[in-house]
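This is data-v2.cif. It holds mmCIF, C-alpha atoms; chains and numbers go by the auth columns.
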data_coords
#
loop_
_atom_site.group_PDB
_atom_site.id
_atom_site.type_symbol
_atom_site.label_atom_id
_atom_site.label_comp_id
_atom_site.label_asym_id
_atom_site.label_seq_id
_atom_site.Cartn_x
_atom_site.Cartn_y
_atom_site.Cartn_z
_atom_site.B_iso_or_equiv
_atom_site.auth_seq_id
_atom_site.auth_asym_id
ATOM 1 C CA MET A 1 24.660 -33.281 86.182 0.00 452 A
ATOM 2 C CA ARG A 2 22.917 -30.054 85.304 0.00 453 A
ATOM 3 C CA TYR A 3 24.336 -30.149 81.763 0.00 454 A
ATOM 4 C CA ALA A 4 23.363 -33.788 81.300 0.00 455 A
ATOM 5 C CA ARG A 5 19.714 -33.003 82.068 0.00 456 A
ATOM 6 C CA ARG A 6 19.747 -30.036 79.718 0.00 457 A
ATOM 7 C CA PHE A 7 21.367 -32.147 76.959 0.00 458 A
ATOM 8 C CA HIS A 8 18.813 -34.927 77.479 0.00 459 A
ATOM 9 C CA ALA A 9 15.908 -32.464 77.194 0.00 460 A
ATOM 10 C CA ALA A 10 17.393 -30.903 74.054 0.00 461 A
ATOM 11 C CA TRP A 11 17.916 -34.347 72.515 0.00 462 A
ATOM 12 C CA LYS A 12 14.273 -35.321 73.205 0.00 463 A
ATOM 13 C CA THR A 13 13.093 -32.106 71.542 0.00 464 A
ATOM 14 C CA ALA A 14 15.322 -32.674 68.511 0.00 465 A
ATOM 15 C CA ARG A 15 14.149 -36.281 68.216 0.00 466 A
ATOM 16 C CA ALA A 16 10.482 -35.177 68.333 0.00 467 A
ATOM 17 C CA ALA A 17 11.146 -32.529 65.660 0.00 468 A
ATOM 18 C CA MET A 18 12.828 -35.105 63.394 0.00 469 A
ATOM 19 C CA LEU A 19 9.913 -37.508 63.807 0.00 470 A
ATOM 20 C CA PHE A 20 7.396 -34.760 63.033 0.00 471 A
ATOM 21 C CA GLY A 21 9.373 -33.777 59.930 0.00 472 A
ATOM 22 C CA ALA A 22 9.543 -37.373 58.729 0.00 473 A
ATOM 23 C CA VAL A 23 5.803 -37.819 59.133 0.00 474 A
ATOM 24 C CA CYS A 24 5.028 -34.574 57.317 0.00 475 A
ATOM 25 C CA SER A 25 7.340 -35.359 54.410 0.00 476 A
ATOM 26 C CA SER A 26 6.280 -38.991 53.971 0.00 477 A
ATOM 27 C CA GLY A 27 4.375 -38.207 50.783 0.00 478 A
ATOM 28 C CA CYS A 28 0.885 -38.962 52.042 0.00 479 A
ATOM 29 C CA THR A 29 -1.384 -37.047 49.721 0.00 480 A
ATOM 30 C CA ARG A 30 -4.874 -38.304 50.592 0.00 481 A
ATOM 31 C CA THR A 31 -6.741 -39.334 53.723 0.00 482 A
ATOM 32 C CA VAL A 32 -9.935 -41.323 53.560 0.00 483 A
ATOM 33 C CA LEU A 33 -12.194 -41.231 56.604 0.00 484 A
ATOM 34 C CA VAL A 34 -14.430 -44.262 57.097 0.00 485 A
ATOM 35 C CA PRO A 35 -17.720 -43.454 58.799 0.00 486 A
ATOM 36 C CA PRO A 36 -18.252 -45.251 62.110 0.00 487 A
ATOM 37 C CA GLY A 37 -20.040 -48.562 61.702 0.00 488 A
ATOM 38 C CA GLU A 38 -18.960 -49.164 58.092 0.00 489 A
ATOM 39 C CA PRO A 39 -17.124 -52.368 57.060 0.00 490 A
ATOM 40 C CA VAL A 40 -13.569 -52.142 55.742 0.00 491 A
ATOM 41 C CA ARG A 41 -11.579 -54.576 53.550 0.00 492 A
ATOM 42 C CA LEU A 42 -8.086 -55.551 54.670 0.00 493 A
ATOM 43 C CA ARG A 43 -5.303 -54.565 52.297 0.00 494 A
ATOM 44 C CA GLU A 44 -2.712 -56.917 53.782 0.00 495 A
ATOM 45 C CA THR A 45 -2.706 -59.921 56.103 0.00 496 A
ATOM 46 C CA ILE A 46 -2.697 -59.063 59.791 0.00 497 A
ATOM 47 C CA ARG A 47 -0.772 -61.697 61.742 0.00 498 A
ATOM 48 C CA GLY A 48 -1.587 -62.459 65.373 0.00 499 A
ATOM 49 C CA ALA A 49 -4.744 -60.353 65.612 0.00 500 A
ATOM 50 C CA LYS A 50 -6.361 -60.555 69.038 0.00 501 A
ATOM 51 C CA VAL A 51 -10.019 -61.437 68.579 0.00 502 A
ATOM 52 C CA TRP A 52 -13.075 -62.550 70.549 0.00 503 A
ATOM 53 C CA ALA A 53 -14.543 -65.868 69.400 0.00 504 A
ATOM 54 C CA ALA A 54 -17.594 -67.845 70.525 0.00 505 A
ATOM 55 C CA ASP A 55 -17.077 -71.284 72.027 0.00 506 A
ATOM 56 C CA LYS A 56 -19.534 -74.179 71.563 0.00 507 A
ATOM 57 C CA ASP A 57 -21.747 -72.778 74.343 0.00 508 A
ATOM 58 C CA GLY A 58 -21.873 -69.322 72.756 0.00 509 A
ATOM 59 C CA ARG A 59 -19.633 -67.633 75.364 0.00 510 A
ATOM 60 C CA GLU A 60 -17.018 -65.190 74.129 0.00 511 A
ATOM 61 C CA ILE A 61 -13.432 -66.298 74.668 0.00 512 A
ATOM 62 C CA PRO A 62 -10.179 -64.538 73.696 0.00 513 A
ATOM 63 C CA GLY A 63 -8.341 -65.872 70.670 0.00 514 A
ATOM 64 C CA VAL A 64 -5.487 -65.063 68.280 0.00 515 A
ATOM 65 C CA LEU A 65 -5.562 -65.605 64.515 0.00 516 A
ATOM 66 C CA ASP A 66 -4.264 -64.301 61.200 0.00 517 A
ATOM 67 C CA LEU A 67 -6.726 -62.134 59.254 0.00 518 A
ATOM 68 C CA PRO A 68 -6.057 -62.741 55.535 0.00 519 A
ATOM 69 C CA GLU A 69 -5.797 -59.999 52.946 0.00 520 A
ATOM 70 C CA GLY A 70 -9.152 -59.283 51.328 0.00 521 A
ATOM 71 C CA TRP A 71 -11.307 -60.157 54.345 0.00 522 A
ATOM 72 C CA TYR A 72 -13.874 -57.650 55.528 0.00 523 A
ATOM 73 C CA CYS A 73 -13.853 -56.343 59.090 0.00 524 A
ATOM 74 C CA LEU A 74 -17.141 -55.246 60.598 0.00 525 A
ATOM 75 C CA PRO A 75 -17.790 -53.326 63.804 0.00 526 A
ATOM 76 C CA ASP A 76 -19.566 -54.913 66.736 0.00 527 A
ATOM 77 C CA PRO A 77 -23.267 -54.046 66.456 0.00 528 A
ATOM 78 C CA GLY A 78 -23.472 -53.806 70.232 0.00 529 A
ATOM 79 C CA PRO A 79 -26.217 -55.104 72.478 0.00 530 A
ATOM 80 C CA GLY A 80 -29.415 -56.017 70.687 0.00 531 A
ATOM 81 C CA GLY A 81 -27.830 -55.543 67.255 0.00 532 A
ATOM 82 C CA ASP A 82 -28.230 -59.152 66.121 0.00 533 A
#
Please render this file's structure as structure tokens.
Amino acid sequence: MRYARRFHAAWKTARAAMLFGAVCSSGCTRTVLVPPGEPVRLRETIRGAKVWAADKDGREIPGVLDLPEGWYCLPDPGPGGD
């Protein structure tokens, strides 16, 4: 049993190292940071996005929909931001 625990711990470490290496060598050359509160345009369709929608009485209800490529996503302005 003692060897099994040691092997399991070594395997988890090796798996984490492989994942880190894959991420570092993925070829990402540029990162763009979007300031908080700025809108962004979707590059691909997001299927099954969980959203809040208003019903006919104006109450927020949970919903699920597909967000098509090219749509803009905006942050919630918060209370009093209308």
Check: How many Å separate atom CA of Leu525 of chain A from atom CA of Pro486 of chain A?
Finding: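 Straight-line distance from atom CA of Leu525 of chain A to atom CA of Pro486 of chain A works out to 11.9 Å.
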Check: Between atom CA of Arg466 of chain A and atom CA of Arg481 of chain A, what is the spacing in Å?
Finding: 26.0 Å
Next item on the list: Evaluate the PyMOL selection byres ((chain A and resi 523) around 10) and record the selected residues as a PyMOL selection string, following the chain and residue labels used in the document.
Entry: chain A and resi 490-494+518-522+524-525
Checklist line | Test item: residues at most 10 Å from Ala500 of chain A, all atoms listed in the file, excluding those fewer than 2 positions along its chain, as a PyMOL selection string | finding: chain A and resi 496-498+502-503+514-518
Next item on the list: Quick one: pull the distance between atom CA of Pro487 of chain A and atom CA of Asp527 of chain A, Å, one decimal.
Entry: 10.8 Å
